[in-house]
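Asker: Mind having a look at this structure? Questions to follow.
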Amino acid sequence: MNRVFCKGTALALVLLLAFMPLAVWAEPDFDPGTLYATLLEETFEGGRLIEGRITLQANALPFLNDELKGLEEVAAELIGGLELRFSAVDDYDQKLYSLALFAAGREVAAFHVREDAQSLRVTSNLLPGMTFSLPAESLSGQSFMENEDVVMLVAAAYLTYFARIAAWVSETESETEDLYVHEFLEESEDTDTRDAVERIQRSRVRSEHFKPLLRNLADTFYIDEVSQQALANLLQPLGVTQADVRRWADELPLLIAHQLEVTDAATEFAFFYDDEGDVIGFDGVMPALLDPFFFEEGSLTYSRKTNMDDVRHAAQGQMLFGEGRSLSGDLQITYGENIDDMRQDEMAIGLVYTDAAANGEFRLITTQQDLHLAQTDLDTCDSRLVIDVFFAEDGQEEHFHFEKTAHGETKPVGELDFAHSTVIDIDLVGVMSLTVRYEIGSSEYVSVPWEDVGQVYDLSALTDAQTGEVMAAVTAVPFRLSMFFLAALPPEVMQGFVAGE
């Protein structure tokens with residue numbers, strides 16, 4: 001009898017396990033909010049084809065005034081017919097990318113890119129009969145920190161200018177004994193806004209010492225021709241010449257010496273550290289150290305608070321510019337911990353600019369909440385962003401309100417692929433209400449040979465004749481784009497616009 005009962009119990013347990021949803025028993029093997037980035041990288045590196053699209057839906061278009069109200073339905077159909085498609089694949093010795101804009105199902109603009117060890121090649125329907133090419137060495141080349149001019153400036157910063165600053169610190173501290181003062185606390189408890197403090201570093205910088213430091217650095221740059229040349233090389237794409245940098249080097253010491261006057265002001269800084277040596281707070285006040293200065297007084301406060309389920313960062317600052325003008329702001333960021341496969345992050349930003357003389361004010365208030373939830377084979381994110389902007393002048397105030405809510409889902413598809421979708425609702429009060437859908441996923445890639453279109457133009461070595469041809473083709477792009485767009489519009493949409501006029 002007992003044996004029969006045990007067998008029956010075992011069978012019931014097996015059936016229960018078989019029919020019970022797996023999510024009850026299995027735990028996700030990823031942190032909430034990380035699955036999309038992980039699968040996107042893995043599938044791309046695995047040679048799978050990444051494809052996605054973005055579509056729009058116009059829910060309301062109140063910006064159309066009474067005279068244009070008849071175009072609302074037409075405009076909504078036009079917006080709903082827009083679609084952006086894109087793809088990417090790492091096909092062993094080459095990477096292929098595409099980006100195409102469609103209107104009413106017809107291609108309007110498209111770009112195709114091929115990247116391999118030799119070159120980067122681009123074709124587009126807006127530039128027919130042309131393939132543009134750039135040698136690989138002009139693309140990959142060296143990273144920013146491998147640039148010889150950057151390396152030269154970084155080396156000078158450490159070996160030359162830092163040495164000047166270190167010498168100034170030593171001399172100033174020996175004279176004032178308050179440039180940096182450490183205070184160790186025997187007992188300290190955390191507060192409502194800040195973790196427990198173990199060490200405080202206080203610093204004071206006086207105007208009479210700050211100006212000599214600036215003059216010393218300017219004089220050093222005046223004789224540092226190597227750094228001048230490196231800076232000119234880096235700024236050359238912006239139209240800066242070596243003569244420009246030389247002129248700056250000549251004028252900067254004179255400007256500091258004769259146009260900046262010492263004041264009786266001094267900054268007050270305090271850095272707060274925890275028992276691991278991390279900065280958990282900062283308090284600072286900087287008045288106008290020189291005359292003229294770009295503000296009368298500035299202040300900044302920062303604190304970090306570690307709770308059981310999140311870490312909160314808060315900062316407040318203010319700048320006074322004189323004549324009733326001021327800028328103040330506060331920032332609060334909360335990074336949630338992973339609890340029960342869920343993480344919640346929040347952010348709030350407030351910014352206020354006041355001009356009392358003009359009886360004007362600008363206010364910006366931004367809040368955002370993100371909720372990430374990890375389930376078995378499913379990662380979801382719900383977010384909400386609200387932005388309020390206020391303009392006030394002479395008693396008249398205007399208000400701009402923007403709100404965005406989004407729901408995203410990411411899940412594996414089989415053993416090799418994934419699918420992700422996000423639905424975003426955007427509401428600009430008094431302007432428009434839109435729904436944006438973003439979909440992306442991966443699948444098996446069937447190799448398609450790349451074919452150059454028409455003549456190949458090496459952009460790193462164009463002849464004068466080729467330059468003229470390219471410029472002529474680029475100039476015609478707006479006209480060609482408008483023609484493709486008009487050709488894609490359904491007849492009823494065109495008729496609606498004509499009727500609206």
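Chain labels follow the order of the structure tokens: the first chain is A, the next B, and so on; residue numbering restarts at 1 in every chain, and ligands are counted from 1 in their shown order.
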Can you pull out every residue within 7 Å of segment 79-82 of chain A, counting only C-alpha atoms, but drop anything in the same chain fewer than 3 positions away, and send it as a PyMOL selection string?
Answerer: chain A and resi 55-58+75-76+102-104
Asker: Please provide as a PDB file with N, CA, C and O atoms, in the first residue's frame all residues within 8 Å of segment 231-244 of chain A, with the sequence filter that same-chain residues fewer than 4 positions apart are discarded (counting only C-alpha atoms).
Answerer:
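Writing done, so here's selection04.pdb:
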```pdb
ATOM      1  N   ASP A 149      50.424  63.794 -32.030  1.00  0.00           N
ATOM      2  CA  ASP A 149      50.230  65.118 -31.437  1.00  0.00           C
ATOM      3  C   ASP A 149      49.546  65.017 -30.079  1.00  0.00           C
ATOM      4  O   ASP A 149      49.885  65.759 -29.153  1.00  0.00           O
ATOM      5  N   VAL A 150      48.593  64.087 -29.952  1.00  0.00           N
ATOM      6  CA  VAL A 150      47.940  63.891 -28.658  1.00  0.00           C
ATOM      7  C   VAL A 150      48.942  63.360 -27.642  1.00  0.00           C
ATOM      8  O   VAL A 150      48.988  63.811 -26.493  1.00  0.00           O
ATOM      9  N   LEU A 153      51.115  66.193 -26.449  1.00  0.00           N
ATOM     10  CA  LEU A 153      50.463  67.092 -25.503  1.00  0.00           C
ATOM     11  C   LEU A 153      50.279  66.433 -24.138  1.00  0.00           C
ATOM     12  O   LEU A 153      50.446  67.084 -23.097  1.00  0.00           O
ATOM     13  N   SER A 227      54.701  71.867 -28.108  1.00  0.00           N
ATOM     14  CA  SER A 227      53.277  71.766 -27.801  1.00  0.00           C
ATOM     15  C   SER A 227      52.457  72.688 -28.705  1.00  0.00           C
ATOM     16  O   SER A 227      51.328  72.352 -29.084  1.00  0.00           O
ATOM     17  N   TRP A 248      48.350  83.126 -30.031  1.00  0.00           N
ATOM     18  CA  TRP A 248      47.765  82.880 -28.713  1.00  0.00           C
ATOM     19  C   TRP A 248      48.857  82.798 -27.650  1.00  0.00           C
ATOM     20  O   TRP A 248      48.705  83.340 -26.556  1.00  0.00           O
TER      21      TRP A 248
END
```
Asker: Which residue out of A:Asn125, A:Thr263, A:Thr422, A:Gln94 has the minimum interatomic distance to Asp379 of chain A when only C-alpha atoms are used?
Answerer: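 Looking only at the distances to Asp379 of chain A, the closest residue turns out to be A:Thr422.
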Asker: Name all residues at most 8 Å from Glu107 of chain A (count only C-alpha atoms; drop same-chain ones fewer than 5 positions away) and give them as number ranges by chain.
Answerer: A: 100-102, 484, 488
Asker: At a cut-off of 12 Å, using only C-alpha atoms, what residues contact Arg121 of chain A? Leave out same-chain residues fewer than 3 positions from it and give the result as a PDB file with all heavy atoms, in the first residue's frame.
Answerer:
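The result, stored in result.pdb:
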```
ATOM      1  N   GLN A  94      34.452  40.677 -44.242  1.00  0.00           N
ATOM      2  CA  GLN A  94      33.845  41.949 -44.577  1.00  0.00           C
ATOM      3  C   GLN A  94      32.632  42.202 -43.683  1.00  0.00           C
ATOM      4  O   GLN A  94      32.034  41.273 -43.144  1.00  0.00           O
ATOM      5  CB  GLN A  94      33.390  41.969 -46.041  1.00  0.00           C
ATOM      6  CG  GLN A  94      32.294  40.968 -46.342  1.00  0.00           C
ATOM      7  CD  GLN A  94      31.801  41.034 -47.780  1.00  0.00           C
ATOM      8  OE1 GLN A  94      32.248  41.847 -48.557  1.00  0.00           O
ATOM      9  NE2 GLN A  94      30.867  40.156 -48.131  1.00  0.00           N
ATOM     10  N   LYS A  95      32.318  43.474 -43.516  1.00  0.00           N
ATOM     11  CA  LYS A  95      31.119  43.879 -42.792  1.00  0.00           C
ATOM     12  C   LYS A  95      30.237  44.657 -43.761  1.00  0.00           C
ATOM     13  O   LYS A  95      30.726  45.519 -44.491  1.00  0.00           O
ATOM     14  CB  LYS A  95      31.462  44.736 -41.573  1.00  0.00           C
ATOM     15  CG  LYS A  95      32.223  44.013 -40.475  1.00  0.00           C
ATOM     16  CD  LYS A  95      32.468  44.946 -39.301  1.00  0.00           C
ATOM     17  CE  LYS A  95      33.162  44.229 -38.148  1.00  0.00           C
ATOM     18  NZ  LYS A  95      34.541  43.835 -38.480  1.00  0.00           N
ATOM     19  N   LEU A  96      28.959  44.350 -43.756  1.00  0.00           N
ATOM     20  CA  LEU A  96      28.016  44.989 -44.668  1.00  0.00           C
ATOM     21  C   LEU A  96      26.931  45.695 -43.862  1.00  0.00           C
ATOM     22  O   LEU A  96      26.378  45.126 -42.916  1.00  0.00           O
ATOM     23  CB  LEU A  96      27.369  43.955 -45.589  1.00  0.00           C
ATOM     24  CG  LEU A  96      28.337  43.139 -46.468  1.00  0.00           C
ATOM     25  CD1 LEU A  96      27.588  42.043 -47.200  1.00  0.00           C
ATOM     26  CD2 LEU A  96      29.065  44.045 -47.452  1.00  0.00           C
ATOM     27  N   TYR A  97      26.623  46.920 -44.253  1.00  0.00           N
ATOM     28  CA  TYR A  97      25.598  47.709 -43.572  1.00  0.00           C
ATOM     29  C   TYR A  97      24.667  48.308 -44.616  1.00  0.00           C
ATOM     30  O   TYR A  97      25.081  48.589 -45.746  1.00  0.00           O
ATOM     31  CB  TYR A  97      26.226  48.850 -42.755  1.00  0.00           C
ATOM     32  CG  TYR A  97      27.321  48.421 -41.813  1.00  0.00           C
ATOM     33  CD1 TYR A  97      28.658  48.455 -42.207  1.00  0.00           C
ATOM     34  CD2 TYR A  97      27.021  48.003 -40.520  1.00  0.00           C
ATOM     35  CE1 TYR A  97      29.670  48.072 -41.345  1.00  0.00           C
ATOM     36  CE2 TYR A  97      28.024  47.628 -39.651  1.00  0.00           C
ATOM     37  CZ  TYR A  97      29.350  47.661 -40.065  1.00  0.00           C
ATOM     38  OH  TYR A  97      30.351  47.283 -39.209  1.00  0.00           O
ATOM     39  N   SER A  98      23.430  48.538 -44.225  1.00  0.00           N
ATOM     40  CA  SER A  98      22.488  49.208 -45.116  1.00  0.00           C
ATOM     41  C   SER A  98      21.530  50.061 -44.294  1.00  0.00           C
ATOM     42  O   SER A  98      21.221  49.744 -43.138  1.00  0.00           O
ATOM     43  CB  SER A  98      21.691  48.204 -45.956  1.00  0.00           C
ATOM     44  OG  SER A  98      20.760  47.504 -45.148  1.00  0.00           O
ATOM     45  N   PHE A 111      21.341  53.674 -48.542  1.00  0.00           N
ATOM     46  CA  PHE A 111      22.799  53.678 -48.506  1.00  0.00           C
ATOM     47  C   PHE A 111      23.265  52.263 -48.181  1.00  0.00           C
ATOM     48  O   PHE A 111      22.703  51.595 -47.308  1.00  0.00           O
ATOM     49  CB  PHE A 111      23.320  54.648 -47.444  1.00  0.00           C
ATOM     50  CG  PHE A 111      22.976  56.081 -47.704  1.00  0.00           C
ATOM     51  CD1 PHE A 111      21.770  56.612 -47.259  1.00  0.00           C
ATOM     52  CD2 PHE A 111      23.835  56.902 -48.407  1.00  0.00           C
ATOM     53  CE1 PHE A 111      21.429  57.927 -47.495  1.00  0.00           C
ATOM     54  CE2 PHE A 111      23.519  58.228 -48.657  1.00  0.00           C
ATOM     55  CZ  PHE A 111      22.311  58.739 -48.198  1.00  0.00           C
ATOM     56  N   HIS A 112      24.283  51.812 -48.886  1.00  0.00           N
ATOM     57  CA  HIS A 112      24.870  50.494 -48.663  1.00  0.00           C
ATOM     58  C   HIS A 112      26.370  50.663 -48.438  1.00  0.00           C
ATOM     59  O   HIS A 112      27.034  51.393 -49.190  1.00  0.00           O
ATOM     60  CB  HIS A 112      24.610  49.573 -49.855  1.00  0.00           C
ATOM     61  CG  HIS A 112      23.151  49.380 -50.150  1.00  0.00           C
ATOM     62  ND1 HIS A 112      22.364  48.465 -49.488  1.00  0.00           N
ATOM     63  CD2 HIS A 112      22.321  50.010 -51.027  1.00  0.00           C
ATOM     64  CE1 HIS A 112      21.124  48.520 -49.936  1.00  0.00           C
ATOM     65  NE2 HIS A 112      21.075  49.454 -50.883  1.00  0.00           N
ATOM     66  N   VAL A 113      26.881  49.991 -47.421  1.00  0.00           N
ATOM     67  CA  VAL A 113      28.279  50.159 -47.021  1.00  0.00           C
ATOM     68  C   VAL A 113      28.939  48.797 -46.910  1.00  0.00           C
ATOM     69  O   VAL A 113      28.348  47.846 -46.369  1.00  0.00           O
ATOM     70  CB  VAL A 113      28.385  50.903 -45.674  1.00  0.00           C
ATOM     71  CG1 VAL A 113      29.844  51.074 -45.274  1.00  0.00           C
ATOM     72  CG2 VAL A 113      27.679  52.243 -45.755  1.00  0.00           C
ATOM     73  N   ARG A 114      30.155  48.717 -47.434  1.00  0.00           N
ATOM     74  CA  ARG A 114      30.971  47.501 -47.302  1.00  0.00           C
ATOM     75  C   ARG A 114      32.314  47.892 -46.698  1.00  0.00           C
ATOM     76  O   ARG A 114      33.001  48.796 -47.194  1.00  0.00           O
ATOM     77  CB  ARG A 114      31.211  46.839 -48.656  1.00  0.00           C
ATOM     78  CG  ARG A 114      32.119  45.603 -48.599  1.00  0.00           C
ATOM     79  CD  ARG A 114      32.328  45.037 -49.995  1.00  0.00           C
ATOM     80  NE  ARG A 114      33.039  43.773 -50.004  1.00  0.00           N
ATOM     81  CZ  ARG A 114      34.352  43.643 -50.142  1.00  0.00           C
ATOM     82  NH1 ARG A 114      35.111  44.733 -50.280  1.00  0.00           N
ATOM     83  NH2 ARG A 114      34.914  42.446 -50.149  1.00  0.00           N
ATOM     84  N   GLU A 115      32.684  47.218 -45.624  1.00  0.00           N
ATOM     85  CA  GLU A 115      33.952  47.489 -44.948  1.00  0.00           C
ATOM     86  C   GLU A 115      34.770  46.211 -44.894  1.00  0.00           C
ATOM     87  O   GLU A 115      34.289  45.171 -44.438  1.00  0.00           O
ATOM     88  CB  GLU A 115      33.696  48.004 -43.528  1.00  0.00           C
ATOM     89  CG  GLU A 115      34.965  48.284 -42.747  1.00  0.00           C
ATOM     90  CD  GLU A 115      34.694  48.675 -41.308  1.00  0.00           C
ATOM     91  OE1 GLU A 115      33.491  48.715 -40.926  1.00  0.00           O
ATOM     92  OE2 GLU A 115      35.661  48.913 -40.566  1.00  0.00           O
ATOM     93  N   ASP A 116      35.994  46.267 -45.388  1.00  0.00           N
ATOM     94  CA  ASP A 116      36.897  45.128 -45.289  1.00  0.00           C
ATOM     95  C   ASP A 116      38.295  45.633 -44.934  1.00  0.00           C
ATOM     96  O   ASP A 116      38.471  46.810 -44.583  1.00  0.00           O
ATOM     97  CB  ASP A 116      36.905  44.302 -46.574  1.00  0.00           C
ATOM     98  CG  ASP A 116      37.336  45.119 -47.789  1.00  0.00           C
ATOM     99  OD1 ASP A 116      37.976  46.182 -47.622  1.00  0.00           O
ATOM    100  OD2 ASP A 116      37.030  44.695 -48.922  1.00  0.00           O
ATOM    101  N   ALA A 117      39.273  44.757 -45.022  1.00  0.00           N
ATOM    102  CA  ALA A 117      40.629  45.127 -44.629  1.00  0.00           C
ATOM    103  C   ALA A 117      41.263  46.126 -45.575  1.00  0.00           C
ATOM    104  O   ALA A 117      42.248  46.791 -45.219  1.00  0.00           O
ATOM    105  CB  ALA A 117      41.498  43.868 -44.528  1.00  0.00           C
ATOM    106  N   GLN A 118      40.746  46.246 -46.783  1.00  0.00           N
ATOM    107  CA  GLN A 118      41.345  47.147 -47.770  1.00  0.00           C
ATOM    108  C   GLN A 118      40.683  48.520 -47.814  1.00  0.00           C
ATOM    109  O   GLN A 118      41.364  49.536 -47.975  1.00  0.00           O
ATOM    110  CB  GLN A 118      41.295  46.530 -49.176  1.00  0.00           C
ATOM    111  CG  GLN A 118      42.250  45.376 -49.396  1.00  0.00           C
ATOM    112  CD  GLN A 118      41.799  44.107 -48.681  1.00  0.00           C
ATOM    113  OE1 GLN A 118      40.609  43.768 -48.688  1.00  0.00           O
ATOM    114  NE2 GLN A 118      42.736  43.411 -48.060  1.00  0.00           N
ATOM    115  N   SER A 124      24.731  54.613 -53.082  1.00  0.00           N
ATOM    116  CA  SER A 124      23.429  55.159 -52.713  1.00  0.00           C
ATOM    117  C   SER A 124      22.604  55.407 -53.962  1.00  0.00           C
ATOM    118  O   SER A 124      23.151  55.771 -55.020  1.00  0.00           O
ATOM    119  CB  SER A 124      23.593  56.471 -51.934  1.00  0.00           C
ATOM    120  OG  SER A 124      22.347  57.102 -51.722  1.00  0.00           O
ATOM    121  N   MET A 130      27.731  55.769 -58.965  1.00  0.00           N
ATOM    122  CA  MET A 130      28.930  56.125 -58.207  1.00  0.00           C
ATOM    123  C   MET A 130      29.125  55.190 -57.020  1.00  0.00           C
ATOM    124  O   MET A 130      28.171  54.874 -56.302  1.00  0.00           O
ATOM    125  CB  MET A 130      28.834  57.562 -57.683  1.00  0.00           C
ATOM    126  CG  MET A 130      28.853  58.643 -58.742  1.00  0.00           C
ATOM    127  SD  MET A 130      28.761  60.287 -57.996  1.00  0.00           S
ATOM    128  CE  MET A 130      29.163  61.327 -59.413  1.00  0.00           C
ATOM    129  N   THR A 131      30.349  54.761 -56.834  1.00  0.00           N
ATOM    130  CA  THR A 131      30.759  54.043 -55.634  1.00  0.00           C
ATOM    131  C   THR A 131      31.903  54.828 -55.003  1.00  0.00           C
ATOM    132  O   THR A 131      32.904  55.112 -55.666  1.00  0.00           O
ATOM    133  CB  THR A 131      31.232  52.616 -55.957  1.00  0.00           C
ATOM    134  OG1 THR A 131      30.131  51.854 -56.470  1.00  0.00           O
ATOM    135  CG2 THR A 131      31.773  51.933 -54.714  1.00  0.00           C
ATOM    136  N   PHE A 132      31.751  55.187 -53.743  1.00  0.00           N
ATOM    137  CA  PHE A 132      32.776  55.965 -53.056  1.00  0.00           C
ATOM    138  C   PHE A 132      33.620  55.043 -52.195  1.00  0.00           C
ATOM    139  O   PHE A 132      33.105  54.160 -51.508  1.00  0.00           O
ATOM    140  CB  PHE A 132      32.131  57.054 -52.209  1.00  0.00           C
ATOM    141  CG  PHE A 132      31.329  58.030 -53.021  1.00  0.00           C
ATOM    142  CD1 PHE A 132      29.959  57.882 -53.139  1.00  0.00           C
ATOM    143  CD2 PHE A 132      31.950  59.069 -53.677  1.00  0.00           C
ATOM    144  CE1 PHE A 132      29.210  58.769 -53.887  1.00  0.00           C
ATOM    145  CE2 PHE A 132      31.215  59.963 -54.441  1.00  0.00           C
ATOM    146  CZ  PHE A 132      29.843  59.816 -54.546  1.00  0.00           C
ATOM    147  N   SER A 133      34.930  55.288 -52.223  1.00  0.00           N
ATOM    148  CA  SER A 133      35.856  54.395 -51.547  1.00  0.00           C
ATOM    149  C   SER A 133      36.837  55.205 -50.704  1.00  0.00           C
ATOM    150  O   SER A 133      37.233  56.320 -51.073  1.00  0.00           O
ATOM    151  CB  SER A 133      36.629  53.550 -52.567  1.00  0.00           C
ATOM    152  OG  SER A 133      37.644  52.806 -51.944  1.00  0.00           O
ATOM    153  N   LEU A 134      37.193  54.627 -49.559  1.00  0.00           N
ATOM    154  CA  LEU A 134      38.230  55.191 -48.704  1.00  0.00           C
ATOM    155  C   LEU A 134      39.165  54.062 -48.294  1.00  0.00           C
ATOM    156  O   LEU A 134      38.702  52.991 -47.879  1.00  0.00           O
ATOM    157  CB  LEU A 134      37.625  55.836 -47.457  1.00  0.00           C
ATOM    158  CG  LEU A 134      37.134  57.282 -47.593  1.00  0.00           C
ATOM    159  CD1 LEU A 134      36.415  57.698 -46.321  1.00  0.00           C
ATOM    160  CD2 LEU A 134      38.284  58.225 -47.877  1.00  0.00           C
ATOM    161  N   PRO A 135      40.466  54.249 -48.399  1.00  0.00           N
ATOM    162  CA  PRO A 135      41.408  53.193 -47.989  1.00  0.00           C
ATOM    163  C   PRO A 135      41.251  52.875 -46.511  1.00  0.00           C
ATOM    164  O   PRO A 135      40.898  53.746 -45.709  1.00  0.00           O
ATOM    165  CB  PRO A 135      42.786  53.808 -48.286  1.00  0.00           C
ATOM    166  CG  PRO A 135      42.524  54.895 -49.281  1.00  0.00           C
ATOM    167  CD  PRO A 135      41.161  55.419 -48.954  1.00  0.00           C
ATOM    168  N   ALA A 136      41.514  51.633 -46.148  1.00  0.00           N
ATOM    169  CA  ALA A 136      41.350  51.198 -44.767  1.00  0.00           C
ATOM    170  C   ALA A 136      42.236  51.982 -43.819  1.00  0.00           C
ATOM    171  O   ALA A 136      41.840  52.302 -42.697  1.00  0.00           O
ATOM    172  CB  ALA A 136      41.651  49.705 -44.644  1.00  0.00           C
ATOM    173  N   LEU A 139      40.818  54.999 -42.317  1.00  0.00           N
ATOM    174  CA  LEU A 139      39.680  54.816 -41.431  1.00  0.00           C
ATOM    175  C   LEU A 139      40.116  54.317 -40.067  1.00  0.00           C
ATOM    176  O   LEU A 139      39.904  54.985 -39.064  1.00  0.00           O
ATOM    177  CB  LEU A 139      38.694  53.811 -42.041  1.00  0.00           C
ATOM    178  CG  LEU A 139      38.079  54.230 -43.378  1.00  0.00           C
ATOM    179  CD1 LEU A 139      37.334  53.057 -43.977  1.00  0.00           C
ATOM    180  CD2 LEU A 139      37.143  55.410 -43.171  1.00  0.00           C
ATOM    181  N   TRP A 450      29.122  41.598 -52.994  1.00  0.00           N
ATOM    182  CA  TRP A 450      29.060  43.048 -53.133  1.00  0.00           C
ATOM    183  C   TRP A 450      29.421  43.434 -54.562  1.00  0.00           C
ATOM    184  O   TRP A 450      30.373  42.897 -55.134  1.00  0.00           O
ATOM    185  CB  TRP A 450      30.014  43.715 -52.157  1.00  0.00           C
ATOM    186  CG  TRP A 450      30.193  45.193 -52.407  1.00  0.00           C
ATOM    187  CD1 TRP A 450      31.067  45.779 -53.273  1.00  0.00           C
ATOM    188  CD2 TRP A 450      29.457  46.258 -51.813  1.00  0.00           C
ATOM    189  NE1 TRP A 450      30.934  47.145 -53.250  1.00  0.00           N
ATOM    190  CE2 TRP A 450      29.944  47.479 -52.360  1.00  0.00           C
ATOM    191  CE3 TRP A 450      28.430  46.315 -50.877  1.00  0.00           C
ATOM    192  CZ2 TRP A 450      29.458  48.723 -51.980  1.00  0.00           C
ATOM    193  CZ3 TRP A 450      27.946  47.563 -50.498  1.00  0.00           C
ATOM    194  CH2 TRP A 450      28.449  48.738 -51.046  1.00  0.00           C
ATOM    195  N   GLU A 451      28.670  44.344 -55.110  1.00  0.00           N
ATOM    196  CA  GLU A 451      28.957  44.829 -56.457  1.00  0.00           C
ATOM    197  C   GLU A 451      29.068  46.343 -56.447  1.00  0.00           C
ATOM    198  O   GLU A 451      28.139  47.037 -56.008  1.00  0.00           O
ATOM    199  CB  GLU A 451      27.856  44.399 -57.432  1.00  0.00           C
ATOM    200  CG  GLU A 451      27.790  42.894 -57.660  1.00  0.00           C
ATOM    201  CD  GLU A 451      26.756  42.522 -58.713  1.00  0.00           C
ATOM    202  OE1 GLU A 451      26.144  43.464 -59.281  1.00  0.00           O
ATOM    203  OE2 GLU A 451      26.567  41.324 -58.952  1.00  0.00           O
ATOM    204  N   ASP A 452      30.217  46.839 -56.929  1.00  0.00           N
ATOM    205  CA  ASP A 452      30.366  48.284 -57.069  1.00  0.00           C
ATOM    206  C   ASP A 452      29.391  48.799 -58.118  1.00  0.00           C
ATOM    207  O   ASP A 452      29.072  48.114 -59.096  1.00  0.00           O
ATOM    208  CB  ASP A 452      31.796  48.644 -57.474  1.00  0.00           C
ATOM    209  CG  ASP A 452      32.798  48.365 -56.361  1.00  0.00           C
ATOM    210  OD1 ASP A 452      32.374  48.368 -55.192  1.00  0.00           O
ATOM    211  OD2 ASP A 452      33.986  48.142 -56.672  1.00  0.00           O
ATOM    212  N   VAL A 453      28.918  50.014 -57.910  1.00  0.00           N
ATOM    213  CA  VAL A 453      27.984  50.635 -58.843  1.00  0.00           C
ATOM    214  C   VAL A 453      28.722  51.687 -59.658  1.00  0.00           C
ATOM    215  O   VAL A 453      29.308  52.617 -59.111  1.00  0.00           O
ATOM    216  CB  VAL A 453      26.809  51.289 -58.084  1.00  0.00           C
ATOM    217  CG1 VAL A 453      25.891  52.025 -59.051  1.00  0.00           C
ATOM    218  CG2 VAL A 453      26.030  50.235 -57.305  1.00  0.00           C
ATOM    219  N   GLN A 455      31.182  54.016 -61.581  1.00  0.00           N
ATOM    220  CA  GLN A 455      32.586  54.369 -61.410  1.00  0.00           C
ATOM    221  C   GLN A 455      32.935  54.458 -59.929  1.00  0.00           C
ATOM    222  O   GLN A 455      32.144  54.920 -59.118  1.00  0.00           O
ATOM    223  CB  GLN A 455      32.872  55.708 -62.087  1.00  0.00           C
ATOM    224  CG  GLN A 455      34.340  56.141 -62.010  1.00  0.00           C
ATOM    225  CD  GLN A 455      34.582  57.449 -62.765  1.00  0.00           C
ATOM    226  OE1 GLN A 455      33.716  57.922 -63.489  1.00  0.00           O
ATOM    227  NE2 GLN A 455      35.764  58.021 -62.580  1.00  0.00           N
ATOM    228  N   VAL A 456      34.145  54.003 -59.607  1.00  0.00           N
ATOM    229  CA  VAL A 456      34.627  54.055 -58.228  1.00  0.00           C
ATOM    230  C   VAL A 456      35.420  55.342 -58.026  1.00  0.00           C
ATOM    231  O   VAL A 456      36.344  55.642 -58.782  1.00  0.00           O
ATOM    232  CB  VAL A 456      35.499  52.832 -57.900  1.00  0.00           C
ATOM    233  CG1 VAL A 456      36.050  52.944 -56.479  1.00  0.00           C
ATOM    234  CG2 VAL A 456      34.695  51.540 -58.059  1.00  0.00           C
ATOM    235  N   TYR A 457      35.058  56.098 -56.981  1.00  0.00           N
ATOM    236  CA  TYR A 457      35.731  57.350 -56.650  1.00  0.00           C
ATOM    237  C   TYR A 457      36.482  57.170 -55.327  1.00  0.00           C
ATOM    238  O   TYR A 457      35.860  56.988 -54.281  1.00  0.00           O
ATOM    239  CB  TYR A 457      34.733  58.500 -56.518  1.00  0.00           C
ATOM    240  CG  TYR A 457      34.059  58.883 -57.813  1.00  0.00           C
ATOM    241  CD1 TYR A 457      32.971  58.152 -58.289  1.00  0.00           C
ATOM    242  CD2 TYR A 457      34.517  59.965 -58.559  1.00  0.00           C
ATOM    243  CE1 TYR A 457      32.340  58.489 -59.479  1.00  0.00           C
ATOM    244  CE2 TYR A 457      33.885  60.319 -59.750  1.00  0.00           C
ATOM    245  CZ  TYR A 457      32.809  59.579 -60.200  1.00  0.00           C
ATOM    246  OH  TYR A 457      32.190  59.931 -61.386  1.00  0.00           O
ATOM    247  N   ASP A 458      37.799  57.206 -55.408  1.00  0.00           N
ATOM    248  CA  ASP A 458      38.620  57.122 -54.203  1.00  0.00           C
ATOM    249  C   ASP A 458      38.672  58.517 -53.576  1.00  0.00           C
ATOM    250  O   ASP A 458      39.347  59.415 -54.078  1.00  0.00           O
ATOM    251  CB  ASP A 458      40.024  56.636 -54.553  1.00  0.00           C
ATOM    252  CG  ASP A 458      40.893  56.429 -53.311  1.00  0.00           C
ATOM    253  OD1 ASP A 458      40.462  56.823 -52.205  1.00  0.00           O
ATOM    254  OD2 ASP A 458      42.006  55.892 -53.447  1.00  0.00           O
ATOM    255  N   LEU A 459      37.954  58.707 -52.473  1.00  0.00           N
ATOM    256  CA  LEU A 459      37.846  60.031 -51.867  1.00  0.00           C
ATOM    257  C   LEU A 459      39.159  60.540 -51.301  1.00  0.00           C
ATOM    258  O   LEU A 459      39.298  61.733 -51.028  1.00  0.00           O
ATOM    259  CB  LEU A 459      36.786  60.006 -50.756  1.00  0.00           C
ATOM    260  CG  LEU A 459      35.358  59.702 -51.221  1.00  0.00           C
ATOM    261  CD1 LEU A 459      34.406  59.718 -50.029  1.00  0.00           C
ATOM    262  CD2 LEU A 459      34.895  60.696 -52.284  1.00  0.00           C
TER     263      LEU A 459
END
```
Asker: Could you jot down the atom CA of Ala166 of chain A to atom CA of Glu208 of chain A separation for me, Å, one decimal place?
Answerer: 17.3 Å
Asker: Identify, on the basis of only C-alpha atoms, every residue whose closest approach to segment 407-417 of chain A does not exceed 7 Å; exclude the query and any residue fewer than 6 positions from it along the same chain; express the result as a ChimeraX atom specification.
Answerer: /A:35-36,43,377-383,423-424,442-443
Asker: Taking only segment 151-341 of chain A into account, list the residues labelled alpha helix (DSSP H) by DSSP (computed from the backbone), as JSON, numbers by chain.
Answerer: {"A": [151, 152, 153, 154, 155, 156, 162, 163, 164, 165, 166, 167, 168, 169, 170, 171, 172, 173, 174, 175, 176, 207, 208, 209, 210, 211, 212, 213, 214, 215, 216, 217, 218, 219, 220, 221, 222, 223, 225, 226, 227, 228, 229, 230, 231, 232, 233, 234, 235, 242, 243, 244, 245, 246, 247, 248, 249, 250, 251, 252, 253, 254, 255, 256, 257, 258, 259]}
